[in-house]
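Containing mmCIF, C-alpha atoms: my_file-v6.cif.
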data_protein
loop_
_atom_site.label_atom_id
_atom_site.label_comp_id
_atom_site.auth_asym_id
_atom_site.auth_seq_id
_atom_site.Cartn_x
_atom_site.Cartn_y
_atom_site.Cartn_z
CA MET L 12 14.02 -8.08 6.80
CA LEU L 13 11.67 -11.00 7.30
CA PHE L 14 8.19 -10.83 8.84
CA GLU L 15 6.03 -13.90 9.09
CA VAL L 16 3.00 -15.21 10.91
CA THR L 17 2.93 -18.92 10.25
CA SER L 18 1.55 -22.20 11.53
CA ALA L 19 4.91 -23.88 10.88
CA VAL L 20 7.47 -24.64 13.61
CA LEU L 21 9.76 -21.63 14.11
CA ASP L 22 13.46 -21.97 13.32
CA PRO L 23 15.71 -19.56 15.27
CA GLN L 24 18.77 -20.34 13.15
CA ARG L 25 16.95 -19.22 10.02
CA LEU L 26 16.29 -15.79 11.56
CA ILE L 27 19.85 -15.48 12.86
CA ASP L 28 21.23 -16.30 9.40
CA HIS L 29 18.77 -13.90 7.80
CA VAL L 30 19.72 -10.83 9.86
CA ARG L 31 23.48 -11.44 10.15
CA LYS L 32 25.47 -9.25 7.76
CA ASP L 33 29.21 -8.95 7.40
CA GLU L 34 29.08 -5.66 9.30
CA SER L 35 27.17 -7.26 12.20
CA GLY L 36 29.13 -7.68 15.42
CA ALA L 37 26.06 -8.83 17.33
CA VAL L 38 22.84 -10.72 16.74
CA ALA L 39 20.27 -10.59 19.55
CA LEU L 40 17.57 -13.26 19.43
CA PHE L 41 14.48 -13.34 21.61
CA SER L 42 12.54 -16.56 21.75
CA GLY L 43 9.18 -16.57 23.52
CA VAL L 44 8.30 -20.12 24.52
CA VAL L 45 5.23 -21.83 25.94
CA ARG L 46 5.52 -22.48 29.67
CA ASN L 47 3.64 -25.03 31.72
CA GLU L 48 2.10 -22.67 34.29
CA ASN L 49 0.13 -19.43 34.44
CA LEU L 50 -1.64 -17.87 37.45
CA GLY L 51 -1.12 -21.10 39.35
CA ARG L 52 -2.73 -23.27 36.69
CA ARG L 53 -1.02 -26.15 34.97
CA VAL L 54 -1.13 -25.24 31.29
CA LEU L 55 -1.52 -28.15 28.87
CA TYR L 56 -1.02 -26.22 25.64
CA LEU L 57 -1.72 -22.86 23.98
CA GLU L 58 -3.61 -21.93 20.86
CA TYR L 59 -2.69 -18.76 19.00
CA ASP L 60 -4.95 -16.93 16.58
CA SER L 61 -3.99 -13.89 14.55
CA TYR L 62 -5.06 -11.45 11.87
CA GLN L 63 -2.13 -12.60 9.79
CA GLU L 64 -1.86 -9.85 7.18
CA MET L 65 -2.21 -7.09 9.75
CA ALA L 66 0.19 -8.72 12.22
CA GLU L 67 2.84 -8.94 9.50
CA GLN L 68 2.23 -5.28 8.62
CA VAL L 69 2.61 -4.34 12.31
CA MET L 70 5.95 -6.19 12.32
CA ARG L 71 7.10 -4.13 9.33
CA GLU L 72 6.02 -0.85 10.92
CA ILE L 73 7.66 -1.44 14.30
CA ALA L 74 10.83 -2.72 12.60
CA ASP L 75 10.98 0.52 10.61
CA GLU L 76 10.60 2.46 13.88
CA ALA L 77 13.47 0.46 15.42
CA LEU L 78 15.71 0.96 12.38
CA ALA L 79 15.13 4.71 12.63
CA ARG L 80 15.87 4.79 16.38
CA TRP L 81 18.86 2.47 16.89
CA PRO L 82 22.06 1.85 14.90
CA ILE L 83 20.99 -1.65 13.88
CA THR L 84 21.50 -3.53 10.64
CA ASP L 85 18.49 -5.78 10.16
CA VAL L 86 15.37 -7.17 11.85
CA ALA L 87 13.42 -10.41 11.46
CA MET L 88 10.26 -11.43 13.32
CA GLN L 89 8.13 -14.54 13.29
CA HIS L 90 5.02 -15.53 15.22
CA ARG L 91 3.47 -18.94 15.20
CA THR L 92 -0.26 -19.69 15.21
CA GLY L 93 -2.32 -22.76 15.97
CA ARG L 94 -1.70 -25.24 18.75
CA LEU L 95 1.65 -24.95 20.54
CA GLU L 96 2.94 -27.46 23.06
CA ILE L 97 4.95 -26.67 26.21
CA GLY L 98 8.48 -25.61 25.26
CA GLU L 99 7.67 -24.62 21.68
CA ALA L 100 8.55 -21.13 20.45
CA SER L 101 5.65 -18.76 19.73
CA LEU L 102 7.59 -15.58 18.94
CA LEU L 103 11.07 -14.98 17.55
CA VAL L 104 12.67 -11.56 17.18
CA ALA L 105 16.19 -11.28 15.76
CA VAL L 106 18.14 -8.02 15.48
CA SER L 107 21.63 -7.54 14.08
CA ALA L 108 23.85 -4.54 14.76
CA PRO L 109 27.51 -3.59 14.60
CA HIS L 110 27.53 -3.53 18.46
CA ARG L 111 25.60 -5.48 21.08
CA LYS L 112 23.99 -2.61 23.02
CA ALA L 113 21.79 -1.49 20.14
CA ALA L 114 20.94 -5.10 19.26
CA PHE L 115 19.79 -5.87 22.84
CA GLU L 116 17.84 -2.63 23.23
CA ALA L 117 16.08 -2.81 19.87
CA CYS L 118 15.23 -6.50 20.34
CA HIS L 119 13.73 -5.81 23.78
CA ALA L 120 11.71 -2.85 22.49
CA LEU L 121 10.44 -4.79 19.47
CA VAL L 122 9.16 -7.65 21.63
CA ASP L 123 7.34 -5.26 23.98
CA ARG L 124 5.87 -3.23 21.15
CA PHE L 125 4.74 -6.27 19.20
CA LYS L 126 2.90 -7.67 22.20
CA GLU L 127 1.19 -4.32 22.81
CA VAL L 128 -0.16 -3.73 19.34
CA ALA L 129 -0.09 -6.86 17.18
CA PRO L 130 -3.43 -8.56 16.49
CA VAL L 131 -2.40 -11.90 17.97
CA TRP L 132 -4.37 -13.77 20.63
CA LYS L 133 -3.53 -16.65 22.91
CA LYS L 134 -5.88 -19.23 24.37
CA GLU L 135 -4.68 -21.11 27.40
CA VAL L 136 -5.93 -24.64 27.79
CA TRP L 137 -5.65 -26.47 31.08
CA GLU L 138 -7.35 -29.51 32.57
CA GLY L 139 -11.05 -28.75 32.77
CA GLY L 140 -11.05 -25.36 31.10
CA GLU L 141 -9.70 -22.80 28.72
CA GLU L 142 -9.67 -19.05 28.26
CA TRP L 143 -8.57 -16.40 25.81
CA ILE L 144 -5.97 -14.23 27.50
CA GLU L 145 -7.00 -10.67 26.69
CA GLY L 146 -4.58 -8.07 28.00
CA GLU L 147 -5.49 -6.96 31.52
CA ALA L 148 -8.95 -8.46 31.34
CA VAL L 149 -9.28 -12.22 31.53
CA ASN L 150 -12.47 -13.66 30.11
CA ARG L 151 -13.28 -17.11 31.30
CA SER L 152 -15.01 -19.47 28.91
CA GLY L 153 -14.24 -22.88 30.38
CA MET N 1 -22.53 -3.30 -2.13
CA LYS N 2 -20.92 -5.33 0.63
CA ALA N 3 -18.07 -5.11 3.09
CA ARG N 4 -16.22 -8.10 4.46
CA VAL N 5 -15.96 -8.61 8.23
CA ARG N 6 -13.34 -10.73 9.96
CA LEU N 7 -13.55 -12.08 13.49
CA PHE N 8 -10.78 -13.52 15.62
CA ALA N 9 -10.10 -15.41 18.83
CA ARG N 10 -12.95 -15.20 21.37
CA LEU N 11 -15.14 -13.16 19.00
CA SER N 12 -14.97 -15.82 16.30
CA GLU N 13 -15.86 -18.52 18.84
CA LEU N 14 -18.82 -16.47 20.12
CA ALA N 15 -20.11 -15.84 16.60
CA GLY N 16 -19.28 -19.33 15.36
CA THR N 17 -17.64 -17.89 12.26
CA ARG N 18 -14.44 -16.11 11.23
CA GLU N 19 -15.98 -14.16 8.36
CA ALA N 20 -19.18 -12.35 7.51
CA GLU N 21 -20.50 -9.83 5.04
CA VAL N 22 -22.53 -6.73 5.73
CA GLU N 23 -24.52 -4.52 3.39
CA VAL N 24 -22.86 -1.18 2.89
CA GLY N 25 -25.19 1.78 3.23
CA GLU N 26 -24.78 5.54 3.25
CA GLY N 27 -22.60 6.65 6.15
CA LEU N 28 -21.85 3.14 7.48
CA THR N 29 -19.13 3.10 10.17
CA ALA N 30 -16.97 0.40 11.78
CA GLY N 31 -18.96 0.64 15.00
CA GLU N 32 -22.21 0.13 13.11
CA VAL N 33 -20.76 -2.96 11.45
CA TYR N 34 -20.32 -4.40 14.96
CA ARG N 35 -23.91 -3.52 15.87
CA ALA N 36 -25.17 -5.12 12.66
CA LEU N 37 -23.29 -8.31 13.52
CA CYS N 38 -24.74 -8.33 17.04
CA GLY N 39 -28.17 -8.60 15.45
CA ARG N 40 -27.04 -11.67 13.54
CA TYR N 41 -24.88 -13.17 16.30
CA PRO N 42 -26.38 -12.12 19.66
CA ALA N 43 -23.47 -13.71 21.57
CA LEU N 44 -21.32 -10.80 20.37
CA SER N 45 -23.50 -8.26 22.20
CA GLY N 46 -22.19 -6.27 25.15
CA LEU N 47 -18.54 -6.22 24.10
CA ASN N 48 -18.65 -2.70 22.74
CA GLY N 49 -16.21 -1.35 25.32
CA SER N 50 -13.47 -3.90 24.70
CA ILE N 51 -13.46 -4.21 20.91
CA ARG N 52 -11.12 -2.28 18.66
CA TYR N 53 -11.58 -1.95 14.94
CA ALA N 54 -9.34 -2.25 11.93
CA VAL N 55 -10.38 -1.14 8.46
CA ASN N 56 -8.31 -2.61 5.64
CA GLY N 57 -5.61 -3.74 8.06
CA GLU N 58 -5.16 -0.47 9.98
CA TYR N 59 -6.50 0.31 13.45
CA ALA N 60 -9.47 2.66 13.11
CA GLU N 61 -11.89 4.56 15.34
CA PRO N 62 -15.50 3.28 15.68
CA GLY N 63 -16.61 6.25 13.57
CA HIS N 64 -14.37 5.29 10.65
CA PRO N 65 -16.38 5.07 7.41
CA VAL N 66 -16.83 1.68 5.76
CA GLY N 67 -17.45 1.40 2.04
CA GLU N 68 -17.95 -1.27 -0.57
CA GLY N 69 -15.13 -3.80 -0.69
CA ASP N 70 -13.62 -2.68 2.62
CA GLU N 71 -12.43 -5.26 5.14
CA VAL N 72 -13.47 -4.56 8.73
CA ALA N 73 -11.85 -6.56 11.52
CA LEU N 74 -13.24 -6.81 15.05
CA ILE N 75 -10.19 -6.88 17.28
CA PRO N 76 -10.50 -8.25 20.82
CA PRO N 77 -7.92 -7.04 23.37
CA VAL N 78 -4.52 -8.45 22.39
CA SER N 79 -2.74 -10.99 24.58
CA GLY N 80 0.31 -8.85 25.35
CA GLY N 81 0.89 -6.96 28.54
CA SER N 82 -0.18 -8.56 31.78
CA HIS N 83 0.60 -12.18 31.00
CA ALA N 84 4.02 -12.10 29.43
CA VAL N 85 5.28 -15.10 27.47
#
Could I get this file's structure written as structure tokens?
Amino acid sequence: MLFEVTSAVLDPQRLIDHVRKDESGAVALFSGVVRNENLGRRVLYLEYDSYQEMAEQVMREIADEALARWPITDVAMQHRTGRLEIGEASLLVAVSAPHRKAAFEACHALVDRFKEVAPVWKKEVWEGGEEWIEGEAVNRSG
Amino acid sequence: MKARVRLFARLSELAGTREAEVEVGEGLTAGEVYRALCGRYPALSGLNGSIRYAVNGEYAEPGHPVGEGDEVALIPPVSGGSHAV
């Protein structure tokens, strides 16, 4: 298992290699990437902030939940912080399993769960403004 | 007798700092740590309804006790949910 919140560029191959075991018949990888548009605005870049130690602990806890629920082999998660440009990966979740169904399902659930509970925040910056995206409520500061 | 406070995202921008210390008194709670910080950083005021707390890295209720050496984090709503990546 590998759980990291880091300002370094994320490397999907590293996570794939980390979770793949000889008994793995499937590795599911989710890559969340920065897109150029949100709510009709042209996004220039994003800035992520996190409570690093707690976010990594949340990764561990939800991975343990997934390992107890699905027949999967291993889990690795990484989130990037700092300034991210369009097209760069902000979140990687890799899950290995003997069979693909469990790998897909666990990977999907881990992404959803992480985004619900992990102390990670995203600031959207566009021409002439910026705002922290806070769940359902959007608080404008630019 | 102090506790460490950590602020993130919009809260850290409003306060102009990512870290603070508060004096620990008898019966201090996480919610009272927030109120103490509002006195020091008035821009943080009025956010009571949207802030969650963590004490030593675990989500905690506003009434959670805070003692010497504890780390209290003020947690704004997380990004997940409505605006998916």
Based on only C-alpha atoms, which of the residues in chain L come within 12 Å of chain N? I want them as an NGL selection string. :L and (41-50 or 57-69 or 72 or 92-93 or 97-103 or 122-135 or 141-153)
Give as a count of residues only the residues that the PyMOL selection byres ((chain L and resi 27-32) around 12) matches when applied to the coordinates above. 34
Might you pull out every residue within 12 Å of Tyr34 (chain N), with only C-alpha atoms counted and same-chain residues fewer than 4 positions away left off, and present them as a VMD selection string? chain N and resid 4 to 7 11 15 20 to 22 28 to 30 38 to 54 62 to 63 66 72 to 75
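In this structure, CA of Glu19 (chain N) sits 10.7 Å away from CA of Ala3 (chain N).
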Box dimensions and centre (Å, one decimal) enclosing region 40-47 of chain N, axis-aligned, 3 Å extra per side, as lines of an AutoDock Vina configuration file:
center_x = -22.8
center_y = -10.0
center_z = 19.3
size_x = 14.5
size_y = 13.5
size_z = 17.6
Distance CA of Leu14 (chain N)-CA of Val33 (chain N), one decimal place? 16.2 Å
What is the distance between CA of Glu13 (chain N) and CA of Glu61 (chain N), in Å to one decimal?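 Result for CA of Glu13 (chain N) versus CA of Glu61 (chain N): 23.7 Å, one decimal.
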So which one's closest to Ala79 (chain L), L:Val20, L:Glu15, L:Gly139, L:Ala117? Using all atoms listed in the file, please.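 Of the candidates, the smallest distance to Ala79 (chain L) is held by L:Ala117.
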